[in-house]
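Novice: final-v2.txt is reproduced below (compact mmCIF, C-alpha atoms and all ligand atoms).
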```
# COMPACT_ATOMS: atom_id res chain seq x y z
CA MET F 117 -51.17 3.79 50.38
CA PHE F 118 -50.98 1.80 47.24
CA ARG F 119 -51.80 -1.53 48.90
CA SER F 120 -54.96 -0.19 50.46
CA ALA F 121 -56.04 1.16 47.09
CA ALA F 122 -55.40 -2.23 45.50
CA ALA F 123 -57.37 -4.00 48.22
CA ARG F 124 -60.24 -1.60 47.74
CA CYS F 125 -60.02 -2.17 44.02
CA THR F 126 -60.61 -5.87 44.59
CA ARG F 127 -63.47 -5.27 47.02
CA LEU F 128 -65.15 -2.86 44.66
CA LEU F 129 -64.81 -5.32 41.84
CA GLN F 130 -66.57 -7.96 43.88
CA SER F 131 -69.31 -5.71 45.25
CA SER F 132 -70.24 -4.32 41.85
CA ILE F 133 -70.09 -7.60 40.04
CA GLY F 134 -73.90 -7.92 39.98
CA THR F 135 -74.25 -5.64 36.97
CA ARG F 136 -72.20 -7.87 34.74
CA SER F 137 -74.40 -10.79 33.80
CA PHE F 138 -73.15 -11.11 30.22
CA THR F 139 -73.01 -14.47 28.47
CA SER F 140 -71.12 -13.33 25.38
CA LEU F 141 -68.81 -10.47 24.50
CA PRO F 142 -69.95 -7.50 22.40
CA VAL F 143 -68.42 -6.95 18.96
CA ILE F 144 -67.85 -3.30 18.05
CA ASP F 145 -67.09 -1.96 14.59
CA VAL F 146 -64.60 0.80 15.36
CA GLY F 147 -64.13 1.82 11.70
CA PRO F 148 -65.31 5.41 12.24
CA LEU F 149 -62.78 5.93 15.07
CA VAL F 150 -59.83 5.11 12.86
CA ASP F 151 -61.12 7.02 9.81
CA PRO F 152 -60.33 10.76 9.96
CA ALA F 153 -63.07 11.43 7.36
CA ALA F 154 -65.84 9.64 9.27
CA PRO F 155 -68.96 11.71 10.01
CA ARG F 156 -69.21 12.92 13.60
CA GLU F 157 -72.43 11.00 14.30
CA SER F 158 -70.79 7.69 13.45
CA VAL F 159 -67.89 8.46 15.83
CA THR F 160 -70.38 9.30 18.59
CA ALA F 161 -72.27 6.06 17.97
CA VAL F 162 -69.05 4.03 18.38
CA ALA F 163 -68.19 5.99 21.55
CA GLN F 164 -71.57 5.01 23.01
CA GLN F 165 -71.04 1.34 22.21
CA LEU F 166 -67.59 1.45 23.82
CA HIS F 167 -69.09 3.08 26.90
CA LYS F 168 -71.71 0.33 27.30
CA ALA F 169 -69.17 -2.43 26.76
CA CYS F 170 -66.67 -0.96 29.26
CA ARG F 171 -69.36 -0.36 31.85
CA ASP F 172 -71.30 -3.62 31.55
CA VAL F 173 -68.67 -6.17 30.50
CA GLY F 174 -65.14 -4.79 30.58
CA PHE F 175 -64.35 -6.93 27.51
CA PHE F 176 -65.24 -6.52 23.82
CA TYR F 177 -64.09 -7.42 20.33
CA ILE F 178 -63.16 -4.72 17.87
CA GLN F 179 -63.39 -5.08 14.11
CA ASN F 180 -62.41 -2.71 11.27
CA HIS F 181 -59.60 -1.47 13.51
CA GLY F 182 -57.28 -0.59 10.64
CA VAL F 183 -54.30 -2.76 11.67
CA PRO F 184 -53.33 -4.65 8.50
CA GLN F 185 -53.63 -8.43 8.57
CA HIS F 186 -49.97 -8.87 7.64
CA VAL F 187 -49.05 -7.05 10.85
CA THR F 188 -51.31 -9.07 13.18
CA GLN F 189 -50.44 -12.35 11.47
CA GLY F 190 -46.75 -11.45 11.19
CA VAL F 191 -46.30 -11.19 14.93
CA LEU F 192 -48.07 -14.51 15.59
CA GLN F 193 -45.95 -16.19 12.93
CA GLN F 194 -42.72 -14.86 14.47
CA ALA F 195 -43.98 -15.95 17.90
CA HIS F 196 -44.47 -19.52 16.66
CA LYS F 197 -40.92 -19.46 15.25
CA TRP F 198 -39.41 -18.12 18.47
CA PHE F 199 -41.08 -20.68 20.71
CA ALA F 200 -39.97 -23.50 18.37
CA LEU F 201 -36.28 -22.61 18.93
CA PRO F 202 -34.18 -24.86 21.22
CA ALA F 203 -34.50 -24.17 24.95
CA GLU F 204 -30.88 -23.06 25.26
CA VAL F 205 -31.34 -20.44 22.54
CA LYS F 206 -34.41 -19.04 24.25
CA ALA F 207 -32.61 -19.12 27.61
CA SER F 208 -30.08 -16.62 26.24
CA LEU F 209 -32.80 -13.97 26.69
CA LEU F 210 -33.84 -15.10 30.16
CA LEU F 211 -35.87 -12.58 32.16
CA SER F 212 -34.48 -11.63 35.57
CA PRO F 213 -34.35 -8.62 37.89
CA ALA F 214 -31.04 -7.74 36.16
CA SER F 215 -32.78 -7.70 32.77
CA HIS F 216 -35.35 -5.30 34.24
CA TYR F 217 -37.99 -8.03 34.01
CA ARG F 218 -37.73 -7.94 30.22
CA GLY F 219 -37.10 -11.05 28.14
CA TYR F 220 -37.96 -14.72 28.03
CA GLN F 221 -39.82 -16.74 30.66
CA PRO F 222 -39.67 -20.53 30.25
CA LEU F 223 -42.61 -22.75 31.18
CA GLY F 224 -43.39 -22.77 34.89
CA ILE F 225 -41.76 -19.43 35.80
CA ASN F 226 -44.98 -17.42 35.57
CA VAL F 227 -47.19 -17.84 38.59
CA THR F 228 -50.53 -16.60 39.85
CA ARG F 229 -50.44 -15.81 43.54
CA HIS F 230 -53.26 -16.39 45.99
CA GLU F 231 -53.46 -15.54 49.66
CA SER F 232 -52.08 -18.95 50.59
CA GLY F 233 -49.41 -19.36 47.94
CA PHE F 234 -49.18 -19.58 44.19
CA VAL F 235 -49.95 -21.85 41.27
CA GLN F 236 -47.79 -22.18 38.20
CA ASP F 237 -49.13 -20.81 34.94
CA TRP F 238 -48.48 -23.16 32.02
CA HIS F 239 -47.11 -20.79 29.40
CA GLU F 240 -43.81 -19.45 28.14
CA ALA F 241 -43.52 -15.84 27.04
CA LEU F 242 -41.30 -12.98 25.89
CA ASP F 243 -41.95 -9.51 27.32
CA LEU F 244 -41.04 -6.19 25.78
CA PHE F 245 -41.75 -2.84 27.43
CA ARG F 246 -41.41 0.76 26.44
CA GLU F 247 -37.68 1.41 26.66
CA GLU F 248 -36.48 4.00 29.14
CA ASP F 249 -32.84 4.85 29.25
CA ALA F 250 -31.78 4.90 32.91
CA ALA F 251 -29.38 7.85 32.36
CA ALA F 252 -32.09 9.90 30.63
CA VAL F 253 -34.53 9.15 33.45
CA LYS F 254 -31.97 10.38 35.96
CA ALA F 255 -31.16 13.49 33.94
CA ALA F 256 -34.87 14.34 33.85
CA GLY F 257 -34.95 14.16 37.65
CA ARG F 258 -37.34 11.19 37.63
CA PRO F 259 -37.05 8.32 40.12
CA SER F 260 -35.30 5.20 38.90
CA SER F 261 -37.13 1.88 38.53
CA VAL F 262 -36.02 -1.71 38.26
CA LEU F 263 -38.33 -1.93 35.23
CA HIS F 264 -36.50 0.73 33.20
CA GLY F 265 -33.99 -0.65 30.75
CA PRO F 266 -33.43 -2.01 27.26
CA ASN F 267 -35.46 -4.83 25.72
CA LEU F 268 -33.91 -8.20 24.86
CA TRP F 269 -34.44 -9.00 21.18
CA PRO F 270 -33.99 -12.45 19.61
CA ASP F 271 -31.28 -11.87 17.00
CA GLN F 272 -31.58 -15.54 15.97
CA LEU F 273 -34.73 -14.62 14.02
CA PRO F 274 -33.98 -12.02 11.35
CA ASP F 275 -37.59 -10.81 10.96
CA PHE F 276 -38.68 -10.88 14.59
CA SER F 277 -37.86 -7.31 15.52
CA THR F 278 -39.27 -5.89 12.27
CA ALA F 279 -42.56 -7.72 12.82
CA LEU F 280 -42.75 -6.75 16.49
CA ARG F 281 -41.89 -3.10 15.89
CA ALA F 282 -44.58 -2.84 13.19
CA TYR F 283 -47.06 -4.43 15.59
CA ILE F 284 -46.12 -2.14 18.49
CA ASP F 285 -46.41 0.98 16.32
CA ALA F 286 -49.80 -0.11 14.98
CA CYS F 287 -51.10 -0.93 18.46
CA LEU F 288 -49.94 2.41 19.86
CA THR F 289 -51.86 4.21 17.12
CA LEU F 290 -54.93 2.03 17.58
CA GLY F 291 -54.80 2.33 21.37
CA GLU F 292 -54.70 6.11 21.13
CA GLN F 293 -57.70 6.08 18.76
CA LEU F 294 -59.68 3.78 21.04
CA LEU F 295 -58.93 5.98 24.05
CA ARG F 296 -60.28 8.97 22.13
CA GLY F 297 -63.51 7.05 21.62
CA ILE F 298 -63.66 5.94 25.24
CA ALA F 299 -63.03 9.53 26.40
CA LEU F 300 -65.97 10.71 24.28
CA GLY F 301 -68.15 7.91 25.63
CA LEU F 302 -67.34 9.09 29.16
CA GLY F 303 -68.20 12.69 28.28
CA LEU F 304 -64.57 13.75 28.66
CA PRO F 305 -62.59 15.85 26.16
CA GLU F 306 -61.48 13.63 23.27
CA ALA F 307 -57.77 14.24 24.03
CA TYR F 308 -58.18 13.48 27.77
CA PHE F 309 -55.81 10.48 27.70
CA GLY F 310 -53.16 12.21 25.58
CA GLY F 311 -49.97 13.92 26.72
CA GLN F 312 -48.61 13.17 30.18
CA LEU F 313 -51.44 10.84 31.15
CA ALA F 314 -51.18 8.19 28.44
CA GLY F 315 -50.09 9.78 25.17
CA PRO F 316 -48.50 7.33 22.71
CA ALA F 317 -45.06 8.95 23.10
CA GLY F 318 -45.04 8.26 26.84
CA SER F 319 -47.34 5.25 27.32
CA TYR F 320 -45.48 2.57 29.29
CA TRP F 321 -46.77 -0.10 26.91
CA VAL F 322 -46.04 -3.80 27.21
CA ALA F 323 -45.95 -6.22 24.27
CA ARG F 324 -45.98 -9.93 25.17
CA VAL F 325 -45.83 -12.96 22.95
CA ILE F 326 -47.10 -16.02 24.76
CA HIS F 327 -47.15 -19.75 23.95
CA TYR F 328 -49.68 -21.98 25.70
CA PRO F 329 -48.95 -25.67 25.08
CA PRO F 330 -52.06 -27.82 25.35
CA LEU F 331 -52.82 -28.95 28.90
CA GLN F 332 -53.13 -32.67 29.34
CA GLN F 333 -56.50 -33.83 30.71
CA VAL F 334 -56.55 -35.88 33.89
CA GLY F 335 -58.21 -38.81 32.09
CA GLN F 336 -55.61 -38.70 29.35
CA GLN F 337 -52.87 -38.70 31.93
CA GLN F 338 -54.18 -41.84 33.62
CA ALA F 339 -54.61 -43.54 30.26
CA ALA F 340 -51.04 -42.64 29.31
CA ALA F 341 -49.71 -44.05 32.61
CA ALA F 342 -51.73 -47.27 32.18
CA ALA F 343 -50.33 -47.72 28.69
CA GLY F 344 -46.80 -47.22 30.03
CA GLY F 345 -46.45 -44.03 27.95
CA GLU F 346 -45.12 -40.66 28.92
CA VAL F 347 -47.23 -38.97 31.58
CA GLY F 348 -47.81 -35.29 30.88
CA ARG F 349 -48.85 -32.58 33.25
CA GLU F 350 -52.17 -32.62 35.04
CA VAL F 351 -54.86 -30.26 33.94
CA GLN F 352 -54.26 -26.82 35.41
CA LEU F 353 -54.43 -23.28 34.16
CA SER F 354 -52.52 -21.93 31.20
CA CYS F 355 -52.78 -18.53 32.90
CA GLY F 356 -54.43 -17.96 36.27
CA GLU F 357 -57.39 -15.71 36.92
CA HIS F 358 -56.32 -12.05 36.94
CA CYS F 359 -57.14 -8.48 35.91
CA ASP F 360 -54.82 -6.44 33.75
CA TYR F 361 -52.98 -3.55 35.34
CA GLY F 362 -53.27 -0.51 33.14
CA LEU F 363 -55.75 1.05 30.75
CA LEU F 364 -56.49 -1.04 27.69
CA THR F 365 -55.35 -4.48 26.53
CA LEU F 366 -55.53 -5.55 22.87
CA VAL F 367 -55.30 -9.32 22.41
CA ASN F 368 -54.31 -10.69 19.03
CA GLN F 369 -54.83 -14.46 19.21
CA ASP F 370 -54.17 -17.53 17.07
CA PRO F 371 -57.14 -18.70 15.02
CA HIS F 372 -58.59 -22.18 15.70
CA VAL F 373 -58.04 -22.43 19.47
CA THR F 374 -60.49 -21.09 22.06
CA ALA F 375 -58.65 -20.62 25.34
CA LEU F 376 -59.28 -17.13 26.77
CA GLN F 377 -62.17 -17.02 29.25
CA VAL F 378 -63.89 -14.07 30.94
CA LYS F 379 -65.69 -14.27 34.29
CA ASN F 380 -69.26 -12.94 34.49
CA ALA F 381 -71.41 -11.86 37.43
CA SER F 382 -72.48 -15.40 38.30
CA GLY F 383 -68.90 -16.62 38.29
CA GLN F 384 -69.36 -18.44 34.97
CA TRP F 385 -66.54 -18.46 32.47
CA VAL F 386 -67.52 -17.01 29.11
CA ASP F 387 -65.32 -18.02 26.17
CA ALA F 388 -63.59 -15.41 24.03
CA PRO F 389 -63.05 -17.49 20.88
CA PRO F 390 -60.87 -16.12 18.08
CA LEU F 391 -62.93 -14.11 15.57
CA PRO F 392 -61.09 -13.48 12.30
CA GLY F 393 -59.76 -9.96 11.89
CA THR F 394 -60.53 -8.82 15.44
CA PHE F 395 -58.73 -7.94 18.64
CA VAL F 396 -60.24 -8.85 21.99
CA CYS F 397 -60.00 -5.72 24.14
CA ASN F 398 -60.31 -5.37 27.87
CA ILE F 399 -59.87 -2.61 30.36
CA GLY F 400 -57.43 -2.71 33.24
CA ASP F 401 -57.19 -1.53 36.85
CA MET F 402 -56.41 2.06 35.93
CA PHE F 403 -59.76 2.55 34.18
CA GLN F 404 -61.53 1.22 37.22
CA VAL F 405 -59.73 3.80 39.37
CA LEU F 406 -60.18 6.64 36.91
CA THR F 407 -63.94 6.06 36.52
CA ASN F 408 -64.41 5.54 40.28
CA GLY F 409 -65.56 1.99 39.61
CA MET F 410 -67.98 2.71 36.75
CA TYR F 411 -65.76 0.67 34.41
CA LYS F 412 -64.55 -2.69 35.68
CA ALA F 413 -61.29 -4.51 35.22
CA THR F 414 -62.86 -7.91 34.52
CA LEU F 415 -61.29 -11.16 35.67
CA HIS F 416 -60.06 -13.52 32.97
CA ARG F 417 -57.89 -16.60 32.57
CA VAL F 418 -56.49 -18.84 29.85
CA LEU F 419 -57.11 -22.56 29.52
CA ASN F 420 -55.81 -24.35 26.45
CA THR F 421 -57.36 -27.80 26.48
CA ALA F 422 -57.35 -28.17 22.68
CA ARG F 423 -55.82 -31.60 22.20
CA GLY F 424 -52.50 -31.40 20.51
CA THR F 425 -52.90 -27.76 19.49
CA PRO F 426 -50.52 -25.16 20.87
CA ARG F 427 -51.80 -21.60 20.99
CA VAL F 428 -49.90 -18.34 20.75
CA SER F 429 -51.21 -14.87 21.47
CA ALA F 430 -49.71 -11.40 21.35
CA PRO F 431 -51.39 -9.10 23.86
CA PHE F 432 -50.49 -5.44 23.66
CA PHE F 433 -51.04 -3.45 26.85
CA TYR F 434 -51.71 0.24 26.19
CA GLU F 435 -50.87 1.80 29.52
CA PRO F 436 -50.55 5.17 31.25
CA CYS F 437 -47.19 6.92 31.42
CA PHE F 438 -44.95 5.55 34.18
CA GLU F 439 -45.08 8.76 36.25
CA ALA F 440 -48.77 9.44 35.62
CA VAL F 441 -50.78 9.65 38.85
CA LEU F 442 -54.33 8.43 38.37
CA GLY F 443 -57.25 8.87 40.71
CA PRO F 444 -61.00 9.04 40.25
CA ALA F 445 -61.73 11.88 37.78
CA PRO F 446 -63.93 14.44 39.60
CA GLN F 447 -66.17 14.71 36.50
CA LEU F 448 -66.91 10.98 36.76
CA CYS F 449 -67.64 10.77 40.47
CA ARG F 450 -71.11 12.31 40.06
CA GLY F 451 -71.54 13.18 43.70
CA GLN F 452 -70.11 9.86 44.92
CA PRO F 453 -67.10 9.97 47.25
CA PRO F 454 -63.89 8.85 45.55
CA LEU F 455 -63.38 5.12 46.16
CA PHE F 456 -59.68 4.99 45.32
CA GLN F 457 -56.56 6.84 46.39
CA PRO F 458 -54.56 8.35 43.54
CA ILE F 459 -52.00 5.82 42.28
CA ARG F 460 -48.74 6.40 40.43
CA TYR F 461 -48.99 3.94 37.56
CA GLY F 462 -45.30 2.92 37.70
CA SER F 463 -45.67 1.91 41.36
CA HIS F 464 -48.76 -0.16 40.58
CA LEU F 465 -46.96 -1.85 37.69
CA GLU F 466 -43.86 -2.62 39.78
CA SER F 467 -45.94 -4.16 42.54
CA LYS F 468 -47.63 -6.44 40.01
CA VAL F 469 -44.72 -7.41 37.76
CA LEU F 470 -42.38 -8.24 40.63
CA ARG F 471 -44.91 -10.82 41.87
CA ASN F 472 -45.49 -12.50 38.51
CA PHE F 473 -42.52 -14.87 38.59
CA GLU F 474 -40.90 -17.52 40.74
CA LEU F 475 -37.34 -16.84 39.67
N1 LIG F 501 -49.30 -7.59 31.94
C1 LIG F 501 -50.27 -8.38 32.33
N2 LIG F 501 -51.50 -7.97 32.51
N3 LIG F 501 -50.01 -9.62 32.53
C2 LIG F 501 -50.98 -10.44 33.15
C3 LIG F 501 -50.48 -11.83 33.16
C4 LIG F 501 -50.06 -12.17 34.52
C5 LIG F 501 -50.99 -13.07 35.15
C6 LIG F 501 -50.36 -13.53 36.37
N4 LIG F 501 -50.29 -14.93 36.43
C7 LIG F 501 -51.02 -12.92 37.59
O1 LIG F 501 -51.00 -13.55 38.59
O2 LIG F 501 -51.50 -11.80 37.54
O1 LIG F 502 -53.53 -15.00 25.81
C1 LIG F 502 -54.58 -14.40 26.06
O2 LIG F 502 -55.60 -14.55 25.38
C2 LIG F 502 -54.68 -13.42 27.21
C3 LIG F 502 -53.42 -13.23 28.00
C4 LIG F 502 -53.62 -12.38 29.20
O3 LIG F 502 -54.68 -12.31 29.77
C5 LIG F 502 -52.49 -11.57 29.73
O4 LIG F 502 -51.35 -11.78 29.32
O5 LIG F 502 -52.74 -10.68 30.54
FE FE F 503 -54.73 -10.53 31.06
```
Would you kindly transcribe this structure into structure tokens?
Ligand SMILES: N=C(N)NCCCC[C@H](N)C(=O)O
Ligand SMILES: O=C(O)CCC(=O)C(=O)O
Ligand SMILES: [Fe+2]

Specialist:
Amino acid sequence: MFRSAAARCTRLLQSSIGTRSFTSLPVIDVGPLVDPAAPRESVTAVAQQLHKACRDVGFFYIQNHGVPQHVTQGVLQQAHKWFALPAEVKASLLLSPASHYRGYQPLGINVTRHESGFVQDWHEALDLFREEDAAAVKAAGRPSSVLHGPNLWPDQLPDFSTALRAYIDACLTLGEQLLRGIALGLGLPEAYFGGQLAGPAGSYWVARVIHYPPLQQVGQQQAAAAAGGEVGREVQLSCGEHCDYGLLTLVNQDPHVTALQVKNASGQWVDAPPLPGTFVCNIGDMFQVLTNGMYKATLHRVLNTARGTPRVSAPFFYEPCFEAVLGPAPQLCRGQPPLFQPIRYGSHLESKVLRNFEL
């Protein structure tokens, strides 16, 4: 059931791509959404801008989001420190099925699969998920999952967990506020995404820190070989073309390197350069299902060709609850037949995560 829904998801994405002829990404001031004293009209105006951006682009920047700079910068700074540690130190947190797919992935382990095989992604990363205690899951009568388990934390860096926990808390709050705005923009009750669907206490969030070393250009590679120097890797992708899996992704990226790219209707790649003080946000598969295709999970990729400049980013994925079952909301189908089968988010996530690595 799930596979057919995923296949339809892809088909729908392709057939409806004509509406998305953007050449830049909208920037939305979400100040009123995060200010409890904001006048109602200003909240409604933000909700309308979010609606347009989700419907027409699937990607947007947010500014005045209320997450303090020391929190966004703190996590990037800790990420730089972690990736600079010796390989054997990082390998002590190696991700595997036994670690519940949590932990460190060295360069070359992440892959993007195509029908005929896979290509390596050229990044290393550390993944943290919402922690679910297997015994508590069992006691609650919920099915077990290979993804449930404890996170692996680098105890070599004294400030890493403090910085990450502050970042995760702030992103959970911000994600909840953004979903209130998106619900309003869709004409749904403001608290629609709360509670058992995607409330912050149950959201199966993912926090990743990622390091993209610069890719070596083909010309550079030949020149290096001719000069008898070290030959680096050929140009390829830092992260292959994909859509995100859940509801809402918040990307906090290093300043000074443009590497994230978003695909528009004509198949052109539109840059998402770092803008100071912003997050780049994008919607995932679950919004496409929930809105019966009105909102699109837009394809994107990462290409760091900045000579000599490594890039880190810290995407935060604000997701539904693991056991939430999402289908097209009847209020949003507007007389159209539902295009997707209901999907249990945890099953969708498992099917994606288990294919992300060549272990
Ligand atoms: N949690 C999220 N969204 N991670 C997306 C990155 C995975 C991309 C991967 N190479 C792929 O093939 O999808
Ligand atoms: O690093 C980025 O800018 C985006 C990463 C991304 O698309 C992902 O991890 O899903
Ligand atoms: Fe992504």

Novice: Residues up to 9 Å from ligand FE 503 (chain F), counting only C-alpha atoms and all ligand atoms: could you list those as a ChimeraX atom specification?

Specialist: /F:355,357-361,365,367,398,400,415-418,431

Novice: For each of F:Glu157, F:Asp237, F:Glu248, F:Glu204, take the minimum atom-to-atom distance to ligand LIG 501 (chain F), counting only C-alpha atoms and all ligand atoms, then give the residue where this is smallest.

Specialist: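 Under the stated criterion, the closest residue is F:Asp237.
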
Novice: Output the neighbourhood of ligand LIG 502 (chain F) as an MDAnalysis selection string, that is, all protein and nucleic acid residues with some atom at most 10 Å from the ligand, counting all atoms listed in the file.

Specialist: chainID F and resid 239 241 243 322:328 354:361 365:370 374:378 388:390 395:398 400 415:420 427:433

Novice: Could you check the closest approach to ligand LIG 501 (chain F) for each of F:Val183, F:Val253, F:Ile284, F:Val469 and tell me which residue wins, using only C-alpha atoms and all ligand atoms?

Specialist: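 Ranked by minimum distance to ligand LIG 501 (chain F), first place goes to F:Val469.
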
Novice: May I ask which of the residues F:Cys170, F:Val227, F:Ile459, F:Leu475 is the closest one to ligand LIG 501 (chain F), counting only C-alpha atoms and all ligand atoms?

Specialist: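 Closest candidate: F:Val227.
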
Novice: For F:Pro371, which of F:Thr414, F:Ser260, F:Ser140, F:Thr188 is the closest residue, counting all atoms listed in the file?

Specialist: F:Thr188

Novice: In Å, with one decimal, what is the gap from atom CA of F:Leu288 to atom CA of F:Leu209?

Specialist: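 Here the two named atoms are 24.7 Å from each other.
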
Novice: Do you have the atom C7 of ligand LIG 501 (chain F)-atom CA of F:Leu465 distance handy?

Specialist: 11.8 Å

Novice: Would you mind telling me which residue in F:Ala282, F:Cys449, F:Val162, F:Ala413 lies nearest to F:Leu300 when using all atoms listed in the file?

Specialist: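 The answer is F:Val162, which sits nearest to F:Leu300.
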
Novice: Just checking: using only C-alpha atoms, which residue out of F:His264, F:His181, F:Arg218, F:Arg171 ends up closest to F:Asn408?

Specialist: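 Between F:His264, F:His181, F:Arg218, F:Arg171, the residue approaching F:Asn408 most closely is F:Arg171.
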
Novice: Rounded to one decimal, what separation in Å do you get between atom CA of F:Thr421 and atom CA of F:Gln332?

Specialist: 7.1 Å

Novice: Please determine the residues with any atom at most 12 Å from (-49.2, 9.8, 27.0) (coordinates as given in the file, with all atoms listed in the file counting) and report them as a PDB file with C-alpha atoms, in the coordinates of the input.

Specialist:
```pdb
ATOM      1  CA  ARG F 246     -41.410   0.760  26.440  1.00  0.00           C
ATOM      2  CA  LEU F 288     -49.940   2.410  19.860  1.00  0.00           C
ATOM      3  CA  THR F 289     -51.860   4.210  17.120  1.00  0.00           C
ATOM      4  CA  GLY F 291     -54.800   2.330  21.370  1.00  0.00           C
ATOM      5  CA  GLU F 292     -54.700   6.110  21.130  1.00  0.00           C
ATOM      6  CA  LEU F 295     -58.930   5.980  24.050  1.00  0.00           C
ATOM      7  CA  ALA F 307     -57.770  14.240  24.030  1.00  0.00           C
ATOM      8  CA  TYR F 308     -58.180  13.480  27.770  1.00  0.00           C
ATOM      9  CA  PHE F 309     -55.810  10.480  27.700  1.00  0.00           C
ATOM     10  CA  GLY F 310     -53.160  12.210  25.580  1.00  0.00           C
ATOM     11  CA  GLY F 311     -49.970  13.920  26.720  1.00  0.00           C
ATOM     12  CA  GLN F 312     -48.610  13.170  30.180  1.00  0.00           C
ATOM     13  CA  LEU F 313     -51.440  10.840  31.150  1.00  0.00           C
ATOM     14  CA  ALA F 314     -51.180   8.190  28.440  1.00  0.00           C
ATOM     15  CA  GLY F 315     -50.090   9.780  25.170  1.00  0.00           C
ATOM     16  CA  PRO F 316     -48.500   7.330  22.710  1.00  0.00           C
ATOM     17  CA  ALA F 317     -45.060   8.950  23.100  1.00  0.00           C
ATOM     18  CA  GLY F 318     -45.040   8.260  26.840  1.00  0.00           C
ATOM     19  CA  SER F 319     -47.340   5.250  27.320  1.00  0.00           C
ATOM     20  CA  TYR F 320     -45.480   2.570  29.290  1.00  0.00           C
ATOM     21  CA  TRP F 321     -46.770  -0.100  26.910  1.00  0.00           C
ATOM     22  CA  LEU F 363     -55.750   1.050  30.750  1.00  0.00           C
ATOM     23  CA  TYR F 434     -51.710   0.240  26.190  1.00  0.00           C
ATOM     24  CA  GLU F 435     -50.870   1.800  29.520  1.00  0.00           C
ATOM     25  CA  PRO F 436     -50.550   5.170  31.250  1.00  0.00           C
ATOM     26  CA  CYS F 437     -47.190   6.920  31.420  1.00  0.00           C
ATOM     27  CA  PHE F 438     -44.950   5.550  34.180  1.00  0.00           C
ATOM     28  CA  GLU F 439     -45.080   8.760  36.250  1.00  0.00           C
ATOM     29  CA  ALA F 440     -48.770   9.440  35.620  1.00  0.00           C
ATOM     30  CA  VAL F 441     -50.780   9.650  38.850  1.00  0.00           C
TER      31      VAL F 441
END
```
